[in-house]
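Next comes model23.cif, with mmCIF, C-alpha atoms and all ligand atoms.
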```
data_my_file
loop_
_atom_site.group_PDB
_atom_site.id
_atom_site.type_symbol
_atom_site.label_atom_id
_atom_site.label_comp_id
_atom_site.auth_asym_id
_atom_site.auth_seq_id
_atom_site.Cartn_x
_atom_site.Cartn_y
_atom_site.Cartn_z
ATOM 1 C CA MET A 1 -181.847 -134.936 6.622
ATOM 2 C CA ASN A 2 -185.248 -134.506 5.043
ATOM 3 C CA LEU A 3 -184.573 -133.190 1.520
ATOM 4 C CA LEU A 4 -186.983 -133.703 -1.387
ATOM 5 C CA GLY A 5 -184.854 -132.707 -4.390
ATOM 6 C CA LEU A 6 -184.058 -129.407 -6.099
ATOM 7 C CA HIS A 7 -185.997 -126.316 -4.953
ATOM 8 C CA HIS A 8 -184.747 -123.449 -7.141
ATOM 9 C CA ILE A 9 -181.565 -122.507 -8.965
ATOM 10 C CA THR A 10 -180.354 -118.913 -9.074
ATOM 11 C CA ALA A 11 -178.081 -117.439 -11.738
ATOM 12 C CA MET A 12 -176.681 -114.089 -12.799
ATOM 13 C CA ALA A 13 -177.622 -112.161 -15.921
ATOM 14 C CA SER A 14 -176.726 -108.839 -17.526
ATOM 15 C CA ASP A 15 -179.964 -107.678 -19.151
ATOM 16 C CA PRO A 16 -183.315 -108.182 -17.418
ATOM 17 C CA ARG A 17 -185.367 -107.796 -20.580
ATOM 18 C CA ALA A 18 -183.379 -110.292 -22.668
ATOM 19 C CA ASN A 19 -183.512 -112.680 -19.719
ATOM 20 C CA TYR A 20 -187.283 -112.279 -19.398
ATOM 21 C CA ASP A 21 -187.779 -112.860 -23.126
ATOM 22 C CA PHE A 22 -185.675 -116.040 -23.213
ATOM 23 C CA TYR A 23 -187.217 -117.806 -20.220
ATOM 24 C CA THR A 24 -190.840 -116.820 -20.878
ATOM 25 C CA ARG A 25 -191.108 -116.758 -24.681
ATOM 26 C CA VAL A 26 -188.343 -119.097 -25.871
ATOM 27 C CA LEU A 27 -188.496 -121.714 -23.088
ATOM 28 C CA GLY A 28 -192.198 -121.180 -22.300
ATOM 29 C CA LEU A 29 -191.817 -120.904 -18.531
ATOM 30 C CA ARG A 30 -194.193 -118.735 -16.536
ATOM 31 C CA PHE A 31 -192.932 -115.512 -15.005
ATOM 32 C CA VAL A 32 -194.059 -116.223 -11.436
ATOM 33 C CA LYS A 33 -192.457 -113.460 -9.403
ATOM 34 C CA LYS A 34 -191.040 -110.027 -10.009
ATOM 35 C CA SER A 35 -189.043 -109.040 -6.961
ATOM 36 C CA VAL A 36 -185.819 -107.276 -6.095
ATOM 37 C CA ASN A 37 -182.458 -108.491 -4.876
ATOM 38 C CA GLN A 38 -182.899 -108.067 -1.123
ATOM 39 C CA ASP A 39 -179.221 -107.149 -0.774
ATOM 40 C CA ASP A 40 -179.391 -104.684 -3.695
ATOM 41 C CA PRO A 41 -182.993 -103.469 -4.147
ATOM 42 C CA GLY A 42 -182.120 -101.393 -7.224
ATOM 43 C CA THR A 43 -181.894 -104.642 -9.221
ATOM 44 C CA TYR A 44 -184.469 -107.268 -9.998
ATOM 45 C CA HIS A 45 -184.813 -110.786 -8.730
ATOM 46 C CA LEU A 46 -186.771 -112.583 -11.463
ATOM 47 C CA TYR A 47 -188.386 -116.013 -11.037
ATOM 48 C CA TYR A 48 -189.590 -118.363 -13.795
ATOM 49 C CA GLY A 49 -191.265 -121.743 -13.331
ATOM 50 C CA ASP A 50 -194.438 -123.738 -13.720
ATOM 51 C CA ASN A 51 -197.886 -122.258 -13.135
ATOM 52 C CA THR A 52 -197.224 -121.537 -9.462
ATOM 53 C CA GLY A 53 -193.427 -121.657 -9.390
ATOM 54 C CA SER A 54 -193.579 -124.982 -7.551
ATOM 55 C CA PRO A 55 -190.453 -126.076 -5.729
ATOM 56 C CA GLY A 56 -188.405 -127.966 -8.316
ATOM 57 C CA SER A 57 -189.486 -125.750 -11.212
ATOM 58 C CA ALA A 58 -188.124 -122.281 -10.516
ATOM 59 C CA ILE A 59 -185.017 -120.813 -12.097
ATOM 60 C CA THR A 60 -184.313 -117.335 -10.769
ATOM 61 C CA PHE A 61 -181.986 -114.516 -11.803
ATOM 62 C CA PHE A 62 -180.201 -111.503 -10.462
ATOM 63 C CA PRO A 63 -179.902 -109.375 -13.617
ATOM 64 C CA TRP A 64 -177.360 -106.575 -13.186
ATOM 65 C CA PRO A 65 -177.326 -104.390 -16.312
ATOM 66 C CA GLY A 66 -173.850 -104.465 -17.800
ATOM 67 C CA LEU A 67 -172.553 -107.237 -15.513
ATOM 68 C CA ARG A 68 -169.366 -108.706 -16.986
ATOM 69 C CA PRO A 69 -169.560 -112.294 -18.229
ATOM 70 C CA GLY A 70 -168.500 -115.014 -15.801
ATOM 71 C CA ARG A 71 -166.524 -118.116 -16.708
ATOM 72 C CA PRO A 72 -168.170 -121.517 -16.320
ATOM 73 C CA GLY A 73 -165.856 -124.015 -14.700
ATOM 74 C CA HIS A 74 -165.109 -126.044 -11.632
ATOM 75 C CA GLY A 75 -166.284 -124.957 -8.218
ATOM 76 C CA GLN A 76 -169.604 -124.005 -9.803
ATOM 77 C CA ALA A 77 -172.939 -125.478 -10.728
ATOM 78 C CA TYR A 78 -171.951 -125.995 -14.350
ATOM 79 C CA ALA A 79 -175.267 -126.820 -16.064
ATOM 80 C CA THR A 80 -178.958 -126.639 -15.258
ATOM 81 C CA ALA A 81 -181.193 -129.292 -16.803
ATOM 82 C CA PHE A 82 -184.939 -129.199 -17.329
ATOM 83 C CA SER A 83 -187.102 -132.261 -17.969
ATOM 84 C CA ILE A 84 -188.980 -132.533 -21.280
ATOM 85 C CA PRO A 85 -190.969 -135.503 -22.629
ATOM 86 C CA ALA A 86 -188.999 -138.256 -24.366
ATOM 87 C CA ALA A 87 -190.514 -137.495 -27.795
ATOM 88 C CA SER A 88 -189.985 -133.730 -27.690
ATOM 89 C CA VAL A 89 -186.374 -133.353 -28.849
ATOM 90 C CA ALA A 90 -187.301 -132.637 -32.478
ATOM 91 C CA PHE A 91 -189.835 -130.021 -31.410
ATOM 92 C CA TRP A 92 -187.271 -128.202 -29.286
ATOM 93 C CA SER A 93 -184.451 -128.535 -31.829
ATOM 94 C CA ASP A 94 -186.667 -126.955 -34.505
ATOM 95 C CA ARG A 95 -187.991 -124.289 -32.178
ATOM 96 C CA LEU A 96 -184.610 -123.204 -30.859
ATOM 97 C CA ALA A 97 -183.149 -123.132 -34.388
ATOM 98 C CA LYS A 98 -186.040 -121.013 -35.677
ATOM 99 C CA LEU A 99 -185.642 -118.570 -32.788
ATOM 100 C CA GLY A 100 -181.908 -118.287 -33.381
ATOM 101 C CA ALA A 101 -180.867 -119.673 -29.996
ATOM 102 C CA LYS A 102 -177.320 -121.001 -29.668
ATOM 103 C CA THR A 103 -177.352 -124.764 -29.169
ATOM 104 C CA GLU A 104 -175.010 -127.765 -29.160
ATOM 105 C CA PRO A 105 -175.656 -131.042 -30.978
ATOM 106 C CA VAL A 106 -177.899 -133.495 -29.115
ATOM 107 C CA THR A 107 -175.994 -135.936 -26.912
ATOM 108 C CA THR A 108 -176.996 -139.021 -24.949
ATOM 109 C CA ARG A 109 -176.597 -139.241 -21.165
ATOM 110 C CA PHE A 110 -177.721 -142.209 -19.080
ATOM 111 C CA GLY A 111 -179.858 -143.253 -22.058
ATOM 112 C CA ASP A 112 -181.686 -139.903 -22.367
ATOM 113 C CA GLN A 113 -181.215 -137.401 -25.183
ATOM 114 C CA VAL A 114 -179.876 -134.040 -24.021
ATOM 115 C CA LEU A 115 -180.281 -130.818 -25.999
ATOM 116 C CA THR A 116 -178.063 -127.979 -24.763
ATOM 117 C CA VAL A 117 -179.064 -124.350 -25.310
ATOM 118 C CA PHE A 118 -177.392 -121.185 -24.077
ATOM 119 C CA ASP A 119 -179.373 -118.271 -22.697
ATOM 120 C CA PRO A 120 -178.568 -114.676 -23.796
ATOM 121 C CA ASP A 121 -175.734 -114.531 -21.229
ATOM 122 C CA GLY A 122 -174.330 -117.931 -22.232
ATOM 123 C CA LEU A 123 -175.777 -119.853 -19.272
ATOM 124 C CA ARG A 124 -175.754 -123.571 -20.081
ATOM 125 C CA ILE A 125 -179.313 -124.925 -20.051
ATOM 126 C CA GLU A 126 -179.998 -128.569 -20.896
ATOM 127 C CA LEU A 127 -183.312 -130.067 -21.989
ATOM 128 C CA VAL A 128 -183.292 -133.723 -20.958
ATOM 129 C CA ALA A 129 -185.766 -135.824 -22.917
ATOM 130 C CA THR A 130 -186.320 -138.420 -20.272
ATOM 131 C CA ALA A 131 -188.128 -141.722 -20.564
ATOM 132 C CA GLU A 132 -188.722 -141.620 -16.819
ATOM 133 C CA PRO A 133 -192.278 -140.793 -15.752
ATOM 134 C CA ASP A 134 -192.683 -137.077 -14.996
ATOM 135 C CA ALA A 135 -196.280 -136.201 -14.128
ATOM 136 C CA ARG A 136 -195.560 -132.573 -13.228
ATOM 137 C CA GLN A 137 -197.871 -130.127 -14.996
ATOM 138 C CA PRO A 138 -196.104 -127.627 -17.261
ATOM 139 C CA ALA A 139 -196.641 -123.881 -17.232
ATOM 140 C CA PRO A 140 -199.278 -122.614 -19.678
ATOM 141 C CA SER A 141 -197.567 -121.060 -22.715
ATOM 142 C CA GLN A 142 -198.805 -119.357 -25.874
ATOM 143 C CA ASP A 143 -196.030 -120.869 -27.967
ATOM 144 C CA VAL A 144 -195.111 -124.221 -26.454
ATOM 145 C CA PRO A 145 -197.826 -126.921 -26.607
ATOM 146 C CA PRO A 146 -198.311 -128.718 -23.266
ATOM 147 C CA VAL A 147 -197.283 -132.031 -24.833
ATOM 148 C CA HIS A 148 -193.749 -130.690 -25.375
ATOM 149 C CA ALA A 149 -193.435 -128.237 -22.499
ATOM 150 C CA ILE A 150 -190.784 -128.191 -19.781
ATOM 151 C CA ARG A 151 -191.949 -130.149 -16.716
ATOM 152 C CA GLY A 152 -189.574 -128.632 -14.183
ATOM 153 C CA PHE A 153 -185.961 -129.253 -13.293
ATOM 154 C CA HIS A 154 -184.301 -132.512 -14.219
ATOM 155 C CA SER A 155 -180.886 -132.058 -12.586
ATOM 156 C CA SER A 156 -178.079 -129.775 -11.638
ATOM 157 C CA THR A 157 -174.564 -130.644 -12.803
ATOM 158 C CA LEU A 158 -171.724 -129.530 -10.533
ATOM 159 C CA GLY A 159 -168.321 -128.927 -12.132
ATOM 160 C CA LEU A 160 -165.444 -130.422 -10.091
ATOM 161 C CA THR A 161 -161.802 -131.385 -10.399
ATOM 162 C CA ASP A 162 -162.261 -134.072 -7.730
ATOM 163 C CA ALA A 163 -165.731 -135.230 -6.711
ATOM 164 C CA LYS A 164 -164.946 -137.078 -3.493
ATOM 165 C CA ALA A 165 -165.507 -134.376 -0.880
ATOM 166 C CA THR A 166 -168.679 -133.134 -2.573
ATOM 167 C CA ALA A 167 -169.992 -136.683 -2.897
ATOM 168 C CA ASP A 168 -169.333 -137.219 0.807
ATOM 169 C CA VAL A 169 -171.431 -134.178 1.765
ATOM 170 C CA LEU A 170 -174.243 -135.283 -0.529
ATOM 171 C CA THR A 171 -174.324 -138.852 0.752
ATOM 172 C CA ARG A 172 -173.223 -138.610 4.380
ATOM 173 C CA THR A 173 -174.895 -135.336 5.356
ATOM 174 C CA MET A 174 -177.651 -134.557 2.839
ATOM 175 C CA GLY A 175 -179.165 -138.011 2.396
ATOM 176 C CA TYR A 176 -178.384 -138.365 -1.318
ATOM 177 C CA ARG A 177 -177.511 -141.749 -2.829
ATOM 178 C CA LEU A 178 -175.500 -142.728 -5.898
ATOM 179 C CA VAL A 179 -177.717 -144.039 -8.708
ATOM 180 C CA ALA A 180 -175.593 -144.069 -11.855
ATOM 181 C CA GLU A 181 -172.091 -143.578 -13.225
ATOM 182 C CA GLU A 182 -171.086 -142.824 -16.808
ATOM 183 C CA GLY A 183 -167.563 -141.731 -17.675
ATOM 184 C CA PRO A 184 -166.696 -138.596 -15.677
ATOM 185 C CA ARG A 185 -170.281 -138.169 -14.457
ATOM 186 C CA THR A 186 -171.840 -139.629 -11.314
ATOM 187 C CA ARG A 187 -175.542 -139.142 -10.573
ATOM 188 C CA TYR A 188 -177.085 -138.824 -7.128
ATOM 189 C CA THR A 189 -180.713 -138.708 -6.056
ATOM 190 C CA VAL A 190 -182.712 -138.237 -2.875
ATOM 191 C CA ALA A 191 -186.128 -139.149 -1.454
ATOM 192 C CA ALA A 192 -188.460 -140.566 -4.131
ATOM 193 C CA GLY A 193 -185.941 -139.753 -6.885
ATOM 194 C CA GLY A 194 -186.817 -139.021 -10.505
ATOM 195 C CA PRO A 195 -186.552 -135.826 -12.556
ATOM 196 C CA GLY A 196 -186.126 -132.804 -10.301
ATOM 197 C CA SER A 197 -184.130 -134.714 -7.712
ATOM 198 C CA TYR A 198 -180.831 -135.353 -9.488
ATOM 199 C CA VAL A 199 -177.430 -133.884 -8.791
ATOM 200 C CA ASP A 200 -174.718 -134.901 -11.253
ATOM 201 C CA LEU A 201 -171.061 -134.557 -10.307
ATOM 202 C CA LEU A 202 -168.928 -133.924 -13.385
ATOM 203 C CA THR A 203 -165.248 -134.539 -12.703
ATOM 204 C CA ASP A 204 -163.030 -132.824 -15.250
ATOM 205 C CA PRO A 205 -159.539 -131.724 -14.189
ATOM 206 C CA ALA A 206 -159.327 -129.722 -17.432
ATOM 207 C CA LEU A 207 -162.159 -127.394 -16.416
ATOM 208 C CA PRO A 208 -160.956 -123.860 -15.669
ATOM 209 C CA ARG A 209 -161.710 -122.379 -12.289
ATOM 210 C CA GLY A 210 -165.253 -121.003 -12.518
ATOM 211 C CA LEU A 211 -165.627 -117.255 -12.119
ATOM 212 C CA ASN A 212 -168.859 -115.594 -11.053
ATOM 213 C CA GLY A 213 -170.493 -113.224 -13.509
ATOM 214 C CA ALA A 214 -173.268 -113.053 -16.079
ATOM 215 C CA GLY A 215 -174.155 -116.478 -17.420
ATOM 216 C CA THR A 216 -173.094 -118.437 -14.333
ATOM 217 C CA ILE A 217 -174.989 -120.059 -11.476
ATOM 218 C CA HIS A 218 -174.995 -118.260 -8.134
ATOM 219 C CA HIS A 219 -176.391 -121.108 -6.008
ATOM 220 C CA VAL A 220 -178.400 -124.317 -5.996
ATOM 221 C CA ALA A 221 -181.277 -124.670 -3.524
ATOM 222 C CA PHE A 222 -182.642 -127.946 -2.191
ATOM 223 C CA ARG A 223 -186.186 -128.572 -0.947
ATOM 224 C CA THR A 224 -187.095 -129.302 2.612
ATOM 225 C CA PRO A 225 -190.779 -129.538 3.611
ATOM 226 C CA ASP A 226 -191.125 -127.039 6.439
ATOM 227 C CA ASP A 227 -189.544 -124.951 9.188
ATOM 228 C CA ALA A 228 -189.010 -127.930 11.502
ATOM 229 C CA SER A 229 -187.197 -130.016 8.896
ATOM 230 C CA GLN A 230 -185.082 -126.966 8.025
ATOM 231 C CA VAL A 231 -184.019 -126.495 11.650
ATOM 232 C CA GLN A 232 -183.058 -130.156 11.747
ATOM 233 C CA ALA A 233 -181.099 -129.822 8.497
ATOM 234 C CA HIS A 234 -179.305 -126.793 9.954
ATOM 235 C CA SER A 235 -178.150 -128.855 12.961
ATOM 236 C CA GLU A 236 -176.929 -131.654 10.722
ATOM 237 C CA ILE A 237 -174.900 -129.257 8.550
ATOM 238 C CA VAL A 238 -173.342 -127.746 11.682
ATOM 239 C CA ARG A 239 -172.507 -131.256 12.946
ATOM 240 C CA SER A 240 -170.827 -132.065 9.623
ATOM 241 C CA GLY A 241 -168.377 -129.214 10.246
ATOM 242 C CA LEU A 242 -169.514 -126.912 7.419
ATOM 243 C CA HIS A 243 -170.196 -123.261 8.105
ATOM 244 C CA ILE A 244 -173.886 -122.366 7.611
ATOM 245 C CA SER A 245 -175.944 -119.171 7.735
ATOM 246 C CA PRO A 246 -178.808 -118.644 10.154
ATOM 247 C CA VAL A 247 -182.360 -119.053 8.823
ATOM 248 C CA ILE A 248 -183.217 -116.122 6.527
ATOM 249 C CA ASP A 249 -186.840 -115.327 5.698
ATOM 250 C CA ARG A 250 -187.087 -114.796 1.919
ATOM 251 C CA ALA A 251 -190.877 -114.192 2.123
ATOM 252 C CA TYR A 252 -191.692 -116.979 -0.380
ATOM 253 C CA PHE A 253 -189.596 -119.546 1.512
ATOM 254 C CA LYS A 254 -187.064 -119.636 4.317
ATOM 255 C CA SER A 255 -183.426 -120.286 3.500
ATOM 256 C CA ILE A 256 -180.154 -121.471 4.981
ATOM 257 C CA TYR A 257 -176.884 -121.263 3.015
ATOM 258 C CA TYR A 258 -173.581 -123.129 3.112
ATOM 259 C CA ARG A 259 -170.691 -123.903 0.781
ATOM 260 C CA GLU A 260 -169.895 -127.501 -0.022
ATOM 261 C CA PRO A 261 -166.167 -128.372 -0.008
ATOM 262 C CA ALA A 262 -165.553 -127.395 -3.661
ATOM 263 C CA GLY A 263 -166.931 -123.924 -2.932
ATOM 264 C CA ILE A 264 -170.343 -124.237 -4.559
ATOM 265 C CA LEU A 265 -173.032 -122.324 -2.660
ATOM 266 C CA PHE A 266 -175.897 -124.557 -1.539
ATOM 267 C CA GLU A 267 -179.178 -123.441 0.005
ATOM 268 C CA ILE A 268 -181.873 -125.433 1.767
ATOM 269 C CA ALA A 269 -185.274 -123.772 1.233
ATOM 270 C CA THR A 270 -188.697 -124.610 2.618
ATOM 271 C CA ASP A 271 -191.537 -125.665 0.329
ATOM 272 C CA GLN A 272 -193.832 -123.220 2.127
ATOM 273 C CA PRO A 273 -195.325 -120.641 1.813
ATOM 274 C CA GLY A 274 -194.679 -120.209 -1.934
ATOM 275 C CA PHE A 275 -195.211 -117.399 -4.440
ATOM 276 C CA ALA A 276 -198.957 -116.880 -3.967
ATOM 277 C CA ILE A 277 -198.391 -115.278 -0.562
ATOM 278 C CA ASP A 278 -198.538 -111.693 -1.895
ATOM 279 C CA GLU A 279 -200.522 -111.968 -5.146
ATOM 280 C CA PRO A 280 -203.107 -114.432 -6.538
ATOM 281 C CA VAL A 281 -201.980 -117.387 -8.671
ATOM 282 C CA GLU A 282 -203.798 -115.958 -11.727
ATOM 283 C CA SER A 283 -201.720 -112.786 -11.691
ATOM 284 C CA LEU A 284 -198.355 -114.049 -10.400
ATOM 285 C CA GLY A 285 -195.476 -111.934 -11.655
ATOM 286 C CA THR A 286 -197.444 -108.733 -12.258
ATOM 287 C CA LYS A 287 -196.953 -106.901 -8.972
ATOM 288 C CA LEU A 288 -193.469 -106.092 -7.709
ATOM 289 C CA GLY A 289 -193.004 -108.256 -4.628
ATOM 290 C CA LEU A 290 -191.149 -106.460 -1.830
ATOM 291 C CA PRO A 291 -190.199 -107.610 1.650
ATOM 292 C CA PRO A 292 -191.912 -105.560 4.400
ATOM 293 C CA HIS A 293 -188.841 -103.464 5.170
ATOM 294 C CA LEU A 294 -188.664 -102.202 1.571
ATOM 295 C CA GLU A 295 -192.404 -101.548 1.189
ATOM 296 C CA PRO A 296 -192.111 -97.873 2.289
ATOM 297 C CA HIS A 297 -189.717 -97.324 -0.671
ATOM 298 C CA ARG A 298 -191.951 -98.996 -3.281
ATOM 299 C CA ALA A 299 -192.478 -95.898 -5.462
ATOM 300 C CA GLU A 300 -188.787 -95.067 -5.852
ATOM 301 C CA ILE A 301 -187.779 -98.728 -6.315
ATOM 302 C CA GLU A 302 -190.401 -99.234 -9.046
ATOM 303 C CA ALA A 303 -189.372 -96.023 -10.815
ATOM 304 C CA ALA A 304 -185.725 -97.139 -10.986
ATOM 305 C CA LEU A 305 -186.350 -100.627 -12.449
ATOM 306 C CA PRO A 306 -186.529 -101.058 -16.239
ATOM 307 C CA PRO A 307 -189.825 -102.345 -17.693
ATOM 308 C CA LEU A 308 -189.694 -106.021 -18.711
ATOM 309 C CA SER A 309 -192.246 -106.185 -21.543
ATOM 310 C CA GLY A 310 -192.508 -104.156 -24.737
ATOM 311 C CA PHE A 311 -190.217 -105.970 -27.172
HETATM 312 ZN ZN ZN B 1 -181.906 -119.107 -3.427
#
```
Using the file provided, produce a representation of the structure as structure tokens.
Ligand code: ZN
Amino acid sequence: MNLLGLHHITAMASDPRANYDFYTRVLGLRFVKKSVNQDDPGTYHLYYGDNTGSPGSAITFFPWPGLRPGRPGHGQAYATAFSIPAASVAFWSDRLAKLGAKTEPVTTRFGDQVLTVFDPDGLRIELVATAEPDARQPAPSQDVPPVHAIRGFHSSTLGLTDAKATADVLTRTMGYRLVAEEGPRTRYTVAAGGPGSYVDLLTDPALPRGLNGAGTIHHVAFRTPDDASQVQAHSEIVRSGLHISPVIDRAYFKSIYYREPAGILFEIATDQPGFAIDEPVESLGTKLGLPPHLEPHRAEIEAALPPLSGF
């Protein structure tokens, strides 16, 4: 299977404006696409990433106002890690403290320092200060100097009570390989490896069963280069015995969805065409992006969505 690493990670939130403020102002990501949930066009689908929302940089949210909090646990993607430069932990610790963000003390994982911060809905975000080379260009930000800025994803940690079946899907079907083990955590990578490729399996029988809701991850998407490699991946998932969706055109990429054995929703998404398909790179995130079938309802959809700026 031709996978290149993480593509995007999608989570649930309860307040679109608080979500927008945290990911753009506090974390310094670029708001790259304002769209709607295609299954529920009265709610937003918000995308944050690097300057163009490159595959491997984009965290996205379905913010349902008033959504009840979920419970992080097993059978879920438990934590989402971004890559920051090795010398940037002090910058981020100071910044997050000044802005009043909830954090946990810095820990060490596979030799890298990890600073955990919780978004307004309690979603666990980790900043991994990695010594590994990461040449990805950060998003431009008014507040976060480029030397300290988030480079893109580092890893996704999956919460499990038993990692074997999930590890088998990663290694036997998806082309991942084991690269490191530390206590209850095993790390897998794919293709060229490095930050943005990693999936960590965290085995903890004490974890509660994860419940969907605000502050939890909805699904983890993996990169595949193009339509042909996606069709091939689809066949391989079918051959492995897992149930998988047909190809769905999400406008900015095409997607296929399946659940790995622990119940975590995976997606394989194409690198092309990307977020500049319906607005120029310079003004990404300013125009509400709608799929063609919703375009006739643009005026009423726009009128029903809350404004995101104006704090
Ligand atoms: Zn997705």
Evaluate the PyMOL selection byres (((chain A and resi 7) around 12) and not hetatm) against this structure - the residues, as a PyMOL selection string, please. chain A and resi 3-6+8-10+49+53-60+152-156+196-198+219-225+252-255+266-272+274
Distance table requested - stretch 101-174 of chain A against stretch 199-213 of chain A, cut-off 9 Å, all atoms listed in the file: one row per qualifying residue with the closest atom pair and its distance in Å to one decimal, ordered by chain and rising residue number, as CSV.
```
residue,atom,partner,partner_atom,distance
A:His154,CA,A:Val199,CA,8.9
A:Ser155,CA,A:Val199,CA,5.4
A:Ser156,CA,A:Val199,CA,5.0
A:Thr157,CA,A:Asp200,CA,4.5
A:Leu158,CA,A:Leu201,CA,5.1
A:Gly159,CA,A:Leu202,CA,5.2
A:Leu160,CA,A:Thr203,CA,4.9
A:Thr161,CA,A:Pro205,CA,4.4
A:Asp162,CA,A:Thr203,CA,5.8
A:Ala163,CA,A:Thr203,CA,6.1
A:Thr166,CA,A:Leu201,CA,8.2
A:Ala167,CA,A:Leu201,CA,7.8
A:Leu170,CA,A:Val199,CA,9.0
```
Output C-alpha atoms of each residue in that selection to a file, as a PDB file, keeping the file's coordinate frame.
```pdb
ATOM      1  CA  HIS A 154    -184.301-132.512 -14.219  1.00  0.00           C
ATOM      2  CA  SER A 155    -180.886-132.058 -12.586  1.00  0.00           C
ATOM      3  CA  SER A 156    -178.079-129.775 -11.638  1.00  0.00           C
ATOM      4  CA  THR A 157    -174.564-130.644 -12.803  1.00  0.00           C
ATOM      5  CA  LEU A 158    -171.724-129.530 -10.533  1.00  0.00           C
ATOM      6  CA  GLY A 159    -168.321-128.927 -12.132  1.00  0.00           C
ATOM      7  CA  LEU A 160    -165.444-130.422 -10.091  1.00  0.00           C
ATOM      8  CA  THR A 161    -161.802-131.385 -10.399  1.00  0.00           C
ATOM      9  CA  ASP A 162    -162.261-134.072  -7.730  1.00  0.00           C
ATOM     10  CA  ALA A 163    -165.731-135.230  -6.711  1.00  0.00           C
ATOM     11  CA  THR A 166    -168.679-133.134  -2.573  1.00  0.00           C
ATOM     12  CA  ALA A 167    -169.992-136.683  -2.897  1.00  0.00           C
ATOM     13  CA  LEU A 170    -174.243-135.283  -0.529  1.00  0.00           C
TER      14      LEU A 170
END
```
Counting all atoms listed in the file, figure out which residue out of A:Val231, A:Val190, A:Ile237, A:Ile217 gets nearest to ligand ZN 1 (chain B).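 With all atoms listed in the file as the atom set, the closest residue is A:Ile217.
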Closest of A:Thr189, A:Thr24, A:Gln38, A:Thr173 to A:Ala251 - atom-to-atom distances counting only C-alpha atoms: A:Gln38
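Atom pair atom CA of A:Phe31 / atom CA of A:Thr286: separated by 8.6 Å.
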Non-local contacts of A:Glu260 (10 Å; all atoms listed in the file; under 3 positions in same chain excluded) as a PyMOL selection string: chain A and resi 75+165-170+242-243+257+263-266
Residue among A:Arg187, A:Arg298, A:Arg124, A:His218 lying closest to ligand ZN 1 (chain B), counting only C-alpha atoms and all ligand atoms: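 Of A:Arg187, A:Arg298, A:Arg124, A:His218, the one nearest ligand ZN 1 (chain B) is A:His218, counting only C-alpha atoms and all ligand atoms.
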10 Å contact set for A:Thr103, only C-alpha atoms, chain neighbours under 2 positions out, as a list of chain:residue names: A:Ser93, A:Leu96, A:Ala97, A:Gly100, A:Ala101, A:Pro105, A:Val106, A:Leu115, A:Thr116, A:Val117, A:Phe118, A:Asp119, A:Arg124, A:Ile125, A:Glu126
Starting from the point (-171.5, -114.1, -19.7), work out which residues of protein, DNA or RNA have an atom no more than 10 Å away when counting all atoms listed in the file; state them as a ChimeraX atom specification. /A:12-14,67-72,119-123,212-216
Selected by the PyMOL selection byres (((chain A and resi 133-135) around 9) and not hetatm) in the shown coordinates: which residues, as a tab-separated table (two decimals) with C-alpha atoms, in the frame of the given file?
```tsv
chain	number	residue	atom	x	y	z
A	83	SER	CA	-187.10	-132.26	-17.97
A	84	ILE	CA	-188.98	-132.53	-21.28
A	85	PRO	CA	-190.97	-135.50	-22.63
A	130	THR	CA	-186.32	-138.42	-20.27
A	131	ALA	CA	-188.13	-141.72	-20.56
A	132	GLU	CA	-188.72	-141.62	-16.82
A	136	ARG	CA	-195.56	-132.57	-13.23
A	137	GLN	CA	-197.87	-130.13	-15.00
A	151	ARG	CA	-191.95	-130.15	-16.72
A	194	GLY	CA	-186.82	-139.02	-10.50
A	195	PRO	CA	-186.55	-135.83	-12.56
```
Quote the spacing between atom CA of A:Asn19 and atom CA of A:Gln113 in Å to one decimal place.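 Result for atom CA of A:Asn19 versus atom CA of A:Gln113: 25.4 Å, one decimal.
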Adding 3 Å on each side of the box along x, y and z that holds all listed atoms of stretch 279-296 of chain A, could you give its centre and edge lengths in Å to one decimal, as AutoDock Vina command-line options?
```
--center_x -196.2 --center_y -107.6 --center_z -3.5 --size_x 21.1 --size_y 25.5 --size_z 23.4
```
Pull out every residue that the PyMOL selection byres (((chain A and resi 36) around 9) and not hetatm) matches in the shown coordinates and put them as a short mmCIF file (atom, residue, chain, number, x, y, z; two decimals) with C-alpha atoms, in the frame of the given file.
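After the write, selection-v5.cif holds the following:
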```cif
data_model
loop_
_atom_site.label_atom_id
_atom_site.label_comp_id
_atom_site.auth_asym_id
_atom_site.auth_seq_id
_atom_site.Cartn_x
_atom_site.Cartn_y
_atom_site.Cartn_z
CA LYS A 34 -191.04 -110.03 -10.01
CA SER A 35 -189.04 -109.04 -6.96
CA ASN A 37 -182.46 -108.49 -4.88
CA GLN A 38 -182.90 -108.07 -1.12
CA ASP A 39 -179.22 -107.15 -0.77
CA ASP A 40 -179.39 -104.68 -3.70
CA PRO A 41 -182.99 -103.47 -4.15
CA GLY A 42 -182.12 -101.39 -7.22
CA THR A 43 -181.89 -104.64 -9.22
CA TYR A 44 -184.47 -107.27 -10.00
CA HIS A 45 -184.81 -110.79 -8.73
CA LEU A 46 -186.77 -112.58 -11.46
CA PHE A 62 -180.20 -111.50 -10.46
CA LEU A 288 -193.47 -106.09 -7.71
CA GLY A 289 -193.00 -108.26 -4.63
CA LEU A 290 -191.15 -106.46 -1.83
CA PRO A 291 -190.20 -107.61 1.65
CA ILE A 301 -187.78 -98.73 -6.32
#
```
Which residue is closest to ligand ZN 1 (chain B)? Choose from A:Asp249, A:Glu104, A:Glu302, A:Glu182 and count all atoms listed in the file. A:Asp249
Top pick for closest residue to ligand ZN 1 (chain B), considering A:Ala299, A:Ala81, A:Ala129, A:Ile248 and counting all atoms listed in the file: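 Among the listed residues, A:Ile248 lies closest to ligand ZN 1 (chain B).
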For atom CA of A:Gln232 and atom CA of A:Met1, quote the distance in Å rounded to one decimal. 7.1 Å
